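Enquirer: Data: data-v9.pdb, PDB, C-alpha atoms, pLDDT in the B column.
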```pdb
ATOM      1  CA  MET N   1     -45.806  69.584 304.138  1.00 79.00           C
ATOM      2  CA  GLU N   2     -48.822  69.373 301.855  1.00 86.00           C
ATOM      3  CA  GLU N   3     -49.855  72.895 302.856  1.00 93.00           C
ATOM      4  CA  ALA N   4     -46.421  74.446 302.373  1.00 90.00           C
ATOM      5  CA  GLU N   5     -46.974  76.152 299.015  1.00 91.00           C
ATOM      6  CA  GLU N   6     -50.417  77.490 299.961  1.00 96.00           C
ATOM      7  CA  ARG N   7     -49.078  78.818 303.241  1.00 97.00           C
ATOM      8  CA  PHE N   8     -46.121  80.412 301.482  1.00 94.00           C
ATOM      9  CA  ASP N   9     -48.331  82.168 298.939  1.00 94.00           C
ATOM     10  CA  GLU N  10     -50.740  83.424 301.581  1.00 97.00           C
ATOM     11  CA  SER N  11     -47.986  84.703 303.861  1.00 97.00           C
ATOM     12  CA  LEU N  12     -46.428  86.517 300.901  1.00 95.00           C
ATOM     13  CA  ALA N  13     -49.761  88.190 300.172  1.00 95.00           C
ATOM     14  CA  VAL N  14     -49.985  89.325 303.807  1.00 96.00           C
ATOM     15  CA  MET N  15     -46.446  90.722 303.734  1.00 95.00           C
ATOM     16  CA  LEU N  16     -47.112  92.694 300.564  1.00 95.00           C
ATOM     17  CA  LYS N  17     -50.354  94.053 301.975  1.00 95.00           C
ATOM     18  CA  ALA N  18     -48.583  95.073 305.170  1.00 95.00           C
ATOM     19  CA  TRP N  19     -45.895  96.932 303.253  1.00 95.00           C
ATOM     20  CA  THR N  20     -48.074  98.679 300.686  1.00 95.00           C
ATOM     21  CA  SER N  21     -51.301  99.634 302.512  1.00 94.00           C
ATOM     22  CA  ASP N  22     -51.636 103.271 303.540  1.00 91.00           C
ATOM     23  CA  VAL N  23     -54.757 102.581 305.593  1.00 94.00           C
ATOM     24  CA  PRO N  24     -55.669  99.929 308.192  1.00 95.00           C
ATOM     25  CA  TRP N  25     -56.236  96.582 306.495  1.00 96.00           C
ATOM     26  CA  SER N  26     -57.683  93.171 307.256  1.00 97.00           C
ATOM     27  CA  HIS N  27     -56.957  89.703 305.940  1.00 97.00           C
ATOM     28  CA  ARG N  28     -59.285  86.701 306.045  1.00 96.00           C
ATOM     29  CA  GLY N  29     -57.330  83.845 304.555  1.00 97.00           C
ATOM     30  CA  LYS N  30     -57.329  80.085 304.778  1.00 97.00           C
ATOM     31  CA  TYR N  31     -54.494  79.977 307.304  1.00 97.00           C
ATOM     32  CA  TRP N  32     -54.335  83.456 308.855  1.00 97.00           C
ATOM     33  CA  GLN N  33     -56.790  86.148 309.841  1.00 97.00           C
ATOM     34  CA  PHE N  34     -55.952  89.744 310.757  1.00 96.00           C
ATOM     35  CA  ASP N  35     -58.228  92.682 311.535  1.00 96.00           C
ATOM     36  CA  ASP N  36     -57.533  96.397 311.213  1.00 96.00           C
ATOM     37  CA  VAL N  37     -53.756  96.100 311.009  1.00 95.00           C
ATOM     38  CA  VAL N  38     -51.518  99.162 310.860  1.00 93.00           C
ATOM     39  CA  VAL N  39     -47.831  98.613 310.090  1.00 91.00           C
ATOM     40  CA  GLU N  40     -45.540 101.425 311.183  1.00 91.00           C
ATOM     41  CA  PRO N  41     -43.197 102.910 310.195  1.00 92.00           C
ATOM     42  CA  PRO N  42     -43.811 102.573 306.446  1.00 91.00           C
ATOM     43  CA  THR N  43     -41.107 101.028 304.311  1.00 93.00           C
ATOM     44  CA  ALA N  44     -38.394 103.309 302.973  1.00 94.00           C
ATOM     45  CA  GLN N  45     -38.311 101.385 299.683  1.00 94.00           C
ATOM     46  CA  LYS N  46     -41.345 101.782 297.453  1.00 93.00           C
ATOM     47  CA  PRO N  47     -43.623 100.087 296.743  1.00 92.00           C
ATOM     48  CA  HIS N  48     -41.935  97.636 299.133  1.00 93.00           C
ATOM     49  CA  PRO N  49     -38.489  96.188 299.894  1.00 94.00           C
ATOM     50  CA  PRO N  50     -37.113  93.920 297.154  1.00 93.00           C
ATOM     51  CA  LEU N  51     -38.037  90.288 297.601  1.00 96.00           C
ATOM     52  CA  TRP N  52     -35.538  87.461 297.198  1.00 97.00           C
ATOM     53  CA  MET N  53     -36.859  83.912 296.857  1.00 97.00           C
ATOM     54  CA  GLY N  54     -34.968  80.663 297.165  1.00 96.00           C
ATOM     55  CA  ALA N  55     -35.645  78.198 294.354  1.00 96.00           C
ATOM     56  CA  GLY N  56     -34.033  75.176 292.777  1.00 94.00           C
ATOM     57  CA  SER N  57     -36.485  73.230 290.644  1.00 94.00           C
ATOM     58  CA  PRO N  58     -37.310  74.536 287.151  1.00 97.00           C
ATOM     59  CA  GLU N  59     -40.921  75.144 288.203  1.00 96.00           C
ATOM     60  CA  SER N  60     -39.981  77.214 291.241  1.00 95.00           C
ATOM     61  CA  ILE N  61     -37.382  79.222 289.301  1.00 98.00           C
ATOM     62  CA  LYS N  62     -39.961  80.050 286.639  1.00 97.00           C
ATOM     63  CA  LYS N  63     -42.378  81.133 289.388  1.00 95.00           C
ATOM     64  CA  VAL N  64     -39.833  83.550 290.858  1.00 97.00           C
ATOM     65  CA  ALA N  65     -39.193  85.045 287.421  1.00 97.00           C
ATOM     66  CA  THR N  66     -42.905  85.353 286.636  1.00 96.00           C
ATOM     67  CA  GLN N  67     -43.573  87.150 289.919  1.00 94.00           C
ATOM     68  CA  GLY N  68     -40.752  89.590 289.256  1.00 95.00           C
ATOM     69  CA  TYR N  69     -38.641  88.779 292.305  1.00 97.00           C
ATOM     70  CA  LYS N  70     -34.936  88.115 292.758  1.00 98.00           C
ATOM     71  CA  LEU N  71     -33.547  84.583 292.921  1.00 98.00           C
ATOM     72  CA  LEU N  72     -31.469  82.884 295.607  1.00 98.00           C
ATOM     73  CA  LEU N  73     -29.611  79.684 294.703  1.00 97.00           C
ATOM     74  CA  ASP N  74     -28.453  77.203 297.329  1.00 94.00           C
ATOM     75  CA  GLN N  75     -24.904  76.406 298.385  1.00 93.00           C
ATOM     76  CA  TYR N  76     -25.026  72.692 297.553  1.00 93.00           C
ATOM     77  CA  ALA N  77     -25.884  72.989 293.859  1.00 94.00           C
ATOM     78  CA  SER N  78     -23.039  72.051 291.541  1.00 95.00           C
ATOM     79  CA  PHE N  79     -21.398  74.646 289.325  1.00 96.00           C
ATOM     80  CA  GLU N  80     -23.147  73.142 286.299  1.00 97.00           C
ATOM     81  CA  GLU N  81     -26.524  73.297 288.063  1.00 97.00           C
ATOM     82  CA  ILE N  82     -25.862  76.945 288.924  1.00 97.00           C
ATOM     83  CA  ARG N  83     -25.140  77.667 285.262  1.00 98.00           C
ATOM     84  CA  GLU N  84     -28.348  75.931 284.156  1.00 98.00           C
ATOM     85  CA  ARG N  85     -30.509  77.663 286.772  1.00 98.00           C
ATOM     86  CA  ILE N  86     -29.194  81.132 285.988  1.00 98.00           C
ATOM     87  CA  ALA N  87     -29.748  80.514 282.268  1.00 98.00           C
ATOM     88  CA  LEU N  88     -33.317  79.367 282.926  1.00 98.00           C
ATOM     89  CA  PHE N  89     -34.066  82.346 285.156  1.00 98.00           C
ATOM     90  CA  LYS N  90     -32.601  84.756 282.590  1.00 98.00           C
ATOM     91  CA  SER N  91     -34.707  83.188 279.837  1.00 98.00           C
ATOM     92  CA  GLU N  92     -37.904  83.400 281.899  1.00 98.00           C
ATOM     93  CA  VAL N  93     -37.242  87.015 282.916  1.00 98.00           C
ATOM     94  CA  GLU N  94     -36.756  87.990 279.279  1.00 98.00           C
ATOM     95  CA  LYS N  95     -39.946  86.125 278.323  1.00 97.00           C
ATOM     96  CA  GLN N  96     -41.745  88.499 280.683  1.00 95.00           C
ATOM     97  CA  GLY N  97     -40.396  91.424 278.656  1.00 96.00           C
ATOM     98  CA  ARG N  98     -37.922  92.536 281.313  1.00 96.00           C
ATOM     99  CA  THR N  99     -34.176  93.065 281.098  1.00 97.00           C
ATOM    100  CA  PHE N 100     -32.210  90.472 283.031  1.00 97.00           C
ATOM    101  CA  ASP N 101     -29.902  91.879 285.703  1.00 97.00           C
ATOM    102  CA  PRO N 102     -27.108  89.451 286.714  1.00 96.00           C
ATOM    103  CA  MET N 103     -27.176  90.994 290.190  1.00 96.00           C
ATOM    104  CA  SER N 104     -30.745  89.756 290.612  1.00 97.00           C
ATOM    105  CA  VAL N 105     -29.413  86.235 291.258  1.00 98.00           C
ATOM    106  CA  GLY N 106     -27.645  85.538 294.550  1.00 98.00           C
ATOM    107  CA  VAL N 107     -25.485  82.407 294.640  1.00 97.00           C
ATOM    108  CA  THR N 108     -24.720  81.201 298.164  1.00 96.00           C
ATOM    109  CA  ARG N 109     -21.459  79.382 298.783  1.00 96.00           C
ATOM    110  CA  SER N 110     -19.685  78.069 301.836  1.00 96.00           C
ATOM    111  CA  ILE N 111     -16.095  79.274 302.031  1.00 96.00           C
ATOM    112  CA  ASN N 112     -13.092  78.018 303.949  1.00 97.00           C
ATOM    113  CA  VAL N 113      -9.578  79.220 303.162  1.00 96.00           C
ATOM    114  CA  VAL N 114      -7.061  76.598 304.306  1.00 95.00           C
ATOM    115  CA  ASN N 115      -3.308  76.080 304.188  1.00 91.00           C
ATOM    116  CA  THR N 116      -2.831  72.307 304.116  1.00 95.00           C
ATOM    117  CA  ARG N 117      -4.421  69.169 302.682  1.00 95.00           C
ATOM    118  CA  ALA N 118      -5.106  68.005 306.230  1.00 97.00           C
ATOM    119  CA  GLU N 119      -7.062  71.174 306.974  1.00 95.00           C
ATOM    120  CA  LEU N 120      -8.973  70.759 303.735  1.00 96.00           C
ATOM    121  CA  GLN N 121      -9.865  67.160 304.542  1.00 97.00           C
ATOM    122  CA  LYS N 122     -11.118  68.152 307.986  1.00 97.00           C
ATOM    123  CA  ALA N 123     -13.179  70.989 306.499  1.00 96.00           C
ATOM    124  CA  TYR N 124     -14.797  68.578 304.036  1.00 97.00           C
ATOM    125  CA  GLU N 125     -15.572  66.091 306.809  1.00 97.00           C
ATOM    126  CA  ASN N 126     -17.318  68.828 308.804  1.00 96.00           C
ATOM    127  CA  ARG N 127     -19.292  69.918 305.735  1.00 96.00           C
ATOM    128  CA  ILE N 128     -20.460  66.389 305.003  1.00 96.00           C
ATOM    129  CA  ALA N 129     -21.531  65.866 308.633  1.00 96.00           C
ATOM    130  CA  ALA N 130     -23.480  69.134 308.615  1.00 94.00           C
ATOM    131  CA  ARG N 131     -25.310  68.183 305.417  1.00 93.00           C
ATOM    132  CA  ARG N 132     -26.197  64.767 306.778  1.00 93.00           C
ATOM    133  CA  ARG N 133     -27.736  66.418 309.854  1.00 93.00           C
ATOM    134  CA  ILE N 134     -29.870  68.559 307.556  1.00 89.00           C
ATOM    135  CA  ASP N 135     -30.925  65.477 305.589  1.00 88.00           C
ATOM    136  CA  ARG N 136     -32.085  63.722 308.757  1.00 88.00           C
ATOM    137  CA  LEU N 137     -34.038  66.763 309.952  1.00 87.00           C
ATOM    138  CA  THR N 138     -35.987  67.115 306.709  1.00 82.00           C
ATOM    139  CA  ILE N 139     -37.350  63.556 306.584  1.00 83.00           C
ATOM    140  CA  ARG N 140     -40.903  63.073 307.828  1.00 81.00           C
ATOM    141  CA  PRO N 141     -41.559  60.349 310.406  1.00 83.00           C
ATOM    142  CA  ASP N 142     -43.286  58.253 307.731  1.00 81.00           C
ATOM    143  CA  GLY N 143     -40.345  58.709 305.365  1.00 76.00           C
ATOM    144  CA  LYS N 144     -42.615  59.604 302.433  1.00 75.00           C
ATOM    145  CA  ASN N 145     -40.701  62.741 301.523  1.00 71.00           C
ATOM    146  CA  GLN N 146     -37.308  61.083 301.327  1.00 72.00           C
ATOM    147  CA  LYS N 147     -35.392  62.621 298.448  1.00 71.00           C
ATOM    148  CA  ARG N 148     -32.350  61.647 296.440  1.00 70.00           C
ATOM    149  CA  VAL N 149     -29.366  61.624 298.753  1.00 78.00           C
ATOM    150  CA  ILE N 150     -26.535  63.819 297.496  1.00 88.00           C
ATOM    151  CA  SER N 151     -23.150  62.106 297.481  1.00 92.00           C
ATOM    152  CA  ASP N 152     -20.226  63.109 299.684  1.00 94.00           C
ATOM    153  CA  GLU N 153     -18.349  64.137 296.553  1.00 95.00           C
ATOM    154  CA  ALA N 154     -21.140  66.433 295.423  1.00 93.00           C
ATOM    155  CA  ILE N 155     -21.439  67.967 298.892  1.00 94.00           C
ATOM    156  CA  CYS N 156     -17.766  68.937 298.733  1.00 95.00           C
ATOM    157  CA  ALA N 157     -17.534  69.881 295.048  1.00 93.00           C
ATOM    158  CA  GLY N 158     -19.649  73.016 295.246  1.00 93.00           C
ATOM    159  CA  ALA N 159     -17.905  74.500 298.295  1.00 96.00           C
ATOM    160  CA  LEU N 160     -15.289  77.232 298.007  1.00 97.00           C
ATOM    161  CA  TYR N 161     -12.743  75.327 300.065  1.00 97.00           C
ATOM    162  CA  GLY N 162      -9.005  75.284 299.509  1.00 96.00           C
ATOM    163  CA  THR N 163      -6.093  77.637 299.059  1.00 96.00           C
ATOM    164  CA  PRO N 164      -6.696  81.196 297.808  1.00 95.00           C
ATOM    165  CA  ASP N 165      -5.686  80.148 294.279  1.00 95.00           C
ATOM    166  CA  GLU N 166      -8.046  77.153 294.323  1.00 96.00           C
ATOM    167  CA  ILE N 167     -10.920  79.286 295.552  1.00 96.00           C
ATOM    168  CA  ALA N 168     -10.219  81.922 292.908  1.00 96.00           C
ATOM    169  CA  ALA N 169     -10.372  79.229 290.231  1.00 96.00           C
ATOM    170  CA  LYS N 170     -13.774  78.080 291.503  1.00 96.00           C
ATOM    171  CA  LEU N 171     -15.037  81.665 291.507  1.00 96.00           C
ATOM    172  CA  GLU N 172     -13.958  81.948 287.868  1.00 96.00           C
ATOM    173  CA  ILE N 173     -16.090  78.903 287.084  1.00 96.00           C
ATOM    174  CA  LEU N 174     -19.062  80.517 288.819  1.00 96.00           C
ATOM    175  CA  ARG N 175     -18.502  83.763 286.957  1.00 95.00           C
ATOM    176  CA  ASP N 176     -18.277  81.946 283.629  1.00 96.00           C
ATOM    177  CA  GLY N 177     -21.614  80.341 284.525  1.00 96.00           C
ATOM    178  CA  GLY N 178     -23.272  83.736 284.960  1.00 96.00           C
ATOM    179  CA  ALA N 179     -22.922  84.231 288.722  1.00 96.00           C
ATOM    180  CA  ALA N 180     -22.472  87.919 289.499  1.00 94.00           C
ATOM    181  CA  TYR N 181     -23.532  88.046 293.135  1.00 95.00           C
ATOM    182  CA  VAL N 182     -21.920  85.585 295.536  1.00 95.00           C
ATOM    183  CA  LEU N 183     -23.041  85.384 299.172  1.00 95.00           C
ATOM    184  CA  LEU N 184     -20.433  83.821 301.401  1.00 94.00           C
ATOM    185  CA  ASN N 185     -21.072  81.637 304.423  1.00 92.00           C
ATOM    186  CA  SER N 186     -17.752  81.241 306.223  1.00 93.00           C
ATOM    187  CA  ALA N 187     -17.278  77.715 307.526  1.00 93.00           C
ATOM    188  CA  GLY N 188     -13.852  78.825 308.693  1.00 91.00           C
ATOM    189  CA  GLY N 189     -15.125  81.768 310.730  1.00 92.00           C
ATOM    190  CA  PRO N 190     -13.774  85.350 310.647  1.00 93.00           C
ATOM    191  CA  PRO N 191     -10.154  84.312 309.931  1.00 93.00           C
ATOM    192  CA  SER N 192     -11.262  82.629 306.708  1.00 94.00           C
ATOM    193  CA  LEU N 193     -13.243  85.697 305.644  1.00 92.00           C
ATOM    194  CA  ARG N 194     -10.255  87.929 306.325  1.00 94.00           C
ATOM    195  CA  ARG N 195      -8.029  85.735 304.193  1.00 94.00           C
ATOM    196  CA  PHE N 196     -10.614  85.790 301.442  1.00 94.00           C
ATOM    197  CA  ALA N 197     -10.790  89.589 301.613  1.00 93.00           C
ATOM    198  CA  HIS N 198      -7.022  89.998 301.477  1.00 94.00           C
ATOM    199  CA  GLU N 199      -5.897  87.105 299.282  1.00 95.00           C
ATOM    200  CA  VAL N 200      -8.795  86.281 296.927  1.00 94.00           C
ATOM    201  CA  ARG N 201     -11.077  89.264 296.456  1.00 91.00           C
ATOM    202  CA  PRO N 202      -8.413  91.661 295.066  1.00 91.00           C
ATOM    203  CA  ALA N 203      -8.147  89.475 291.969  1.00 86.00           C
ATOM    204  CA  PHE N 204     -11.805  90.264 291.244  1.00 84.00           C
ATOM    205  CA  ALA N 205     -11.864  93.885 292.442  1.00 76.00           C
ATOM    206  CA  ASP N 206     -12.162  95.329 288.953  1.00 67.00           C
ATOM    207  CA  ALA N 207     -14.553  92.676 287.657  1.00 58.00           C
ATOM    208  CA  SER N 208     -17.980  93.962 286.736  1.00 54.00           C
ATOM    209  CA  THR N 209     -19.553  90.502 286.967  1.00 49.00           C
ATOM    210  CA  LEU N 210     -18.474  89.275 290.388  1.00 52.00           C
ATOM    211  CA  GLN N 211     -19.353  91.056 293.594  1.00 53.00           C
ATOM    212  CA  PRO N 212     -18.741  88.944 296.723  1.00 48.00           C
ATOM    213  CA  ALA N 213     -21.182  89.935 299.472  1.00 49.00           C
TER
END
```
Please express the file's structure as structure tokens.

Expert:
Amino acid sequence: MEEAEERFDESLAVMLKAWTSDVPWSHRGKYWQFDDVVVEPPTAQKPHPPLWMGAGSPESIKKVATQGYKLLLDQYASFEEIRERIALFKSEVEKQGRTFDPMSVGVTRSINVVNTRAELQKAYENRIAARRRIDRLTIRPDGKNQKRVISDEAICAGALYGTPDEIAAKLEILRDGGAAYVLLNSAGGPPSLRRFAHEVRPAFADASTLQPA
């Protein structure tokens, strides 16, 4: 865990070198060593494919903006946290002298279109259980990295669960908070995505600031 940031930065440097070098290259880093590497075929996008980075803390969001990459925001952040993080990223991008593009921030959300309150309750129970499994997996054996435990209510609040009208209302809140690019993870499987496509997305079809992915 203590090496995570260093390893991340070094692996990023290797990736960029692999994508942008026109001649064989070598890398002698702290964690990885490569000799006379040739990466083929070359990337179609120049100088390299766009990079998206996940971030949540103010420091990490500022780092993404400073490096000129696109930002990914997690599915458990509240709507208010999403608003604050987009505003911070926009501010930092503009401090770098660049124009902020709303589509440079991807907001991930879990979606589940349901018909009844019973279905909604079951969907929330499954979501809470899944988050608790993640929490257990991220704790070190010595417990020293134990973080603030998010409440059941918060786990459910940020999800796009409910009827089509309820989901549309939540998407409006995201849009008002600056979210233009929403990436959907369907907890309800293909049927839920189909219902979203047919019953929710048309309401936003002409919107220039909301593009479900």

Enquirer: Nearest residue to Met103 of chain N out of N:Leu120, N:Ala168, N:Ala180, N:Ala154, using only C-alpha atoms?

Expert: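 For Met103 of chain N, the nearest of the candidates is N:Ala180.
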
Enquirer: Compile the contact shell of Leu174 of chain N as a PyMOL selection string: residues with an atom at most 10 Å away, counting all atoms listed in the file, same-chain residues fewer than 2 positions apart removed.

Expert: chain N and resi 78-80+82-83+107+158+168-172+176-182+210

Enquirer: Work out how far atom CA of Ala203 of chain N is from atom CA of Tyr161 of chain N, in Å to one decimal.

Expert: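 Atom CA of Ala203 of chain N lies 16.9 Å from atom CA of Tyr161 of chain N.
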
Enquirer: If you count all atoms listed in the file, which residues fall within 8 Å of Asp36 of chain N, apart from same-chain ones fewer than 4 positions away, as a list in words?

Expert: Pro24, Trp25 and Ser26 of chain N

Enquirer: For a quick check of understanding, using only C-alpha atoms, which of N:Val200, N:Val105, N:Ile173, N:Met1 has the smallest distance to Thr138 of chain N?

Expert: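 For Thr138 of chain N, the nearest of the given residues is N:Met1.
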
Enquirer: Just how far from atom CA of Gly54 of chain N is atom CA of Phe196 of chain N, in Å to one decimal?

Expert: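 These atoms are spaced 25.3 Å apart.
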
Enquirer: Between atom CA of Leu184 of chain N and atom CA of His198 of chain N, what is the distance, to one decimal in Å?

Expert: 14.8 Å

Enquirer: Find the residue from N:Trp52, N:Phe204, N:Tyr31, N:Tyr69 that sits nearest to Arg98 of chain N; use all atoms listed in the file when measuring.

Expert: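 Of N:Trp52, N:Phe204, N:Tyr31, N:Tyr69, the one nearest Arg98 of chain N is N:Tyr69, counting all atoms listed in the file.
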
Enquirer: Please identify all polymer residues within 8 Å of Leu160 of chain N, counting only C-alpha atoms, omitting same-chain residues fewer than 6 positions from it, and present them as a compact mmCIF listing (two decimals) with C-alpha atoms, keeping the file's coordinate frame.

Expert:
```txt
# COMPACT_ATOMS: atom_id res chain seq x y z
CA ARG N 109 -21.46 79.38 298.78
CA SER N 110 -19.68 78.07 301.84
CA ILE N 111 -16.10 79.27 302.03
CA ASN N 112 -13.09 78.02 303.95
CA VAL N 113 -9.58 79.22 303.16
CA ILE N 167 -10.92 79.29 295.55
CA LYS N 170 -13.77 78.08 291.50
CA LEU N 171 -15.04 81.67 291.51
```
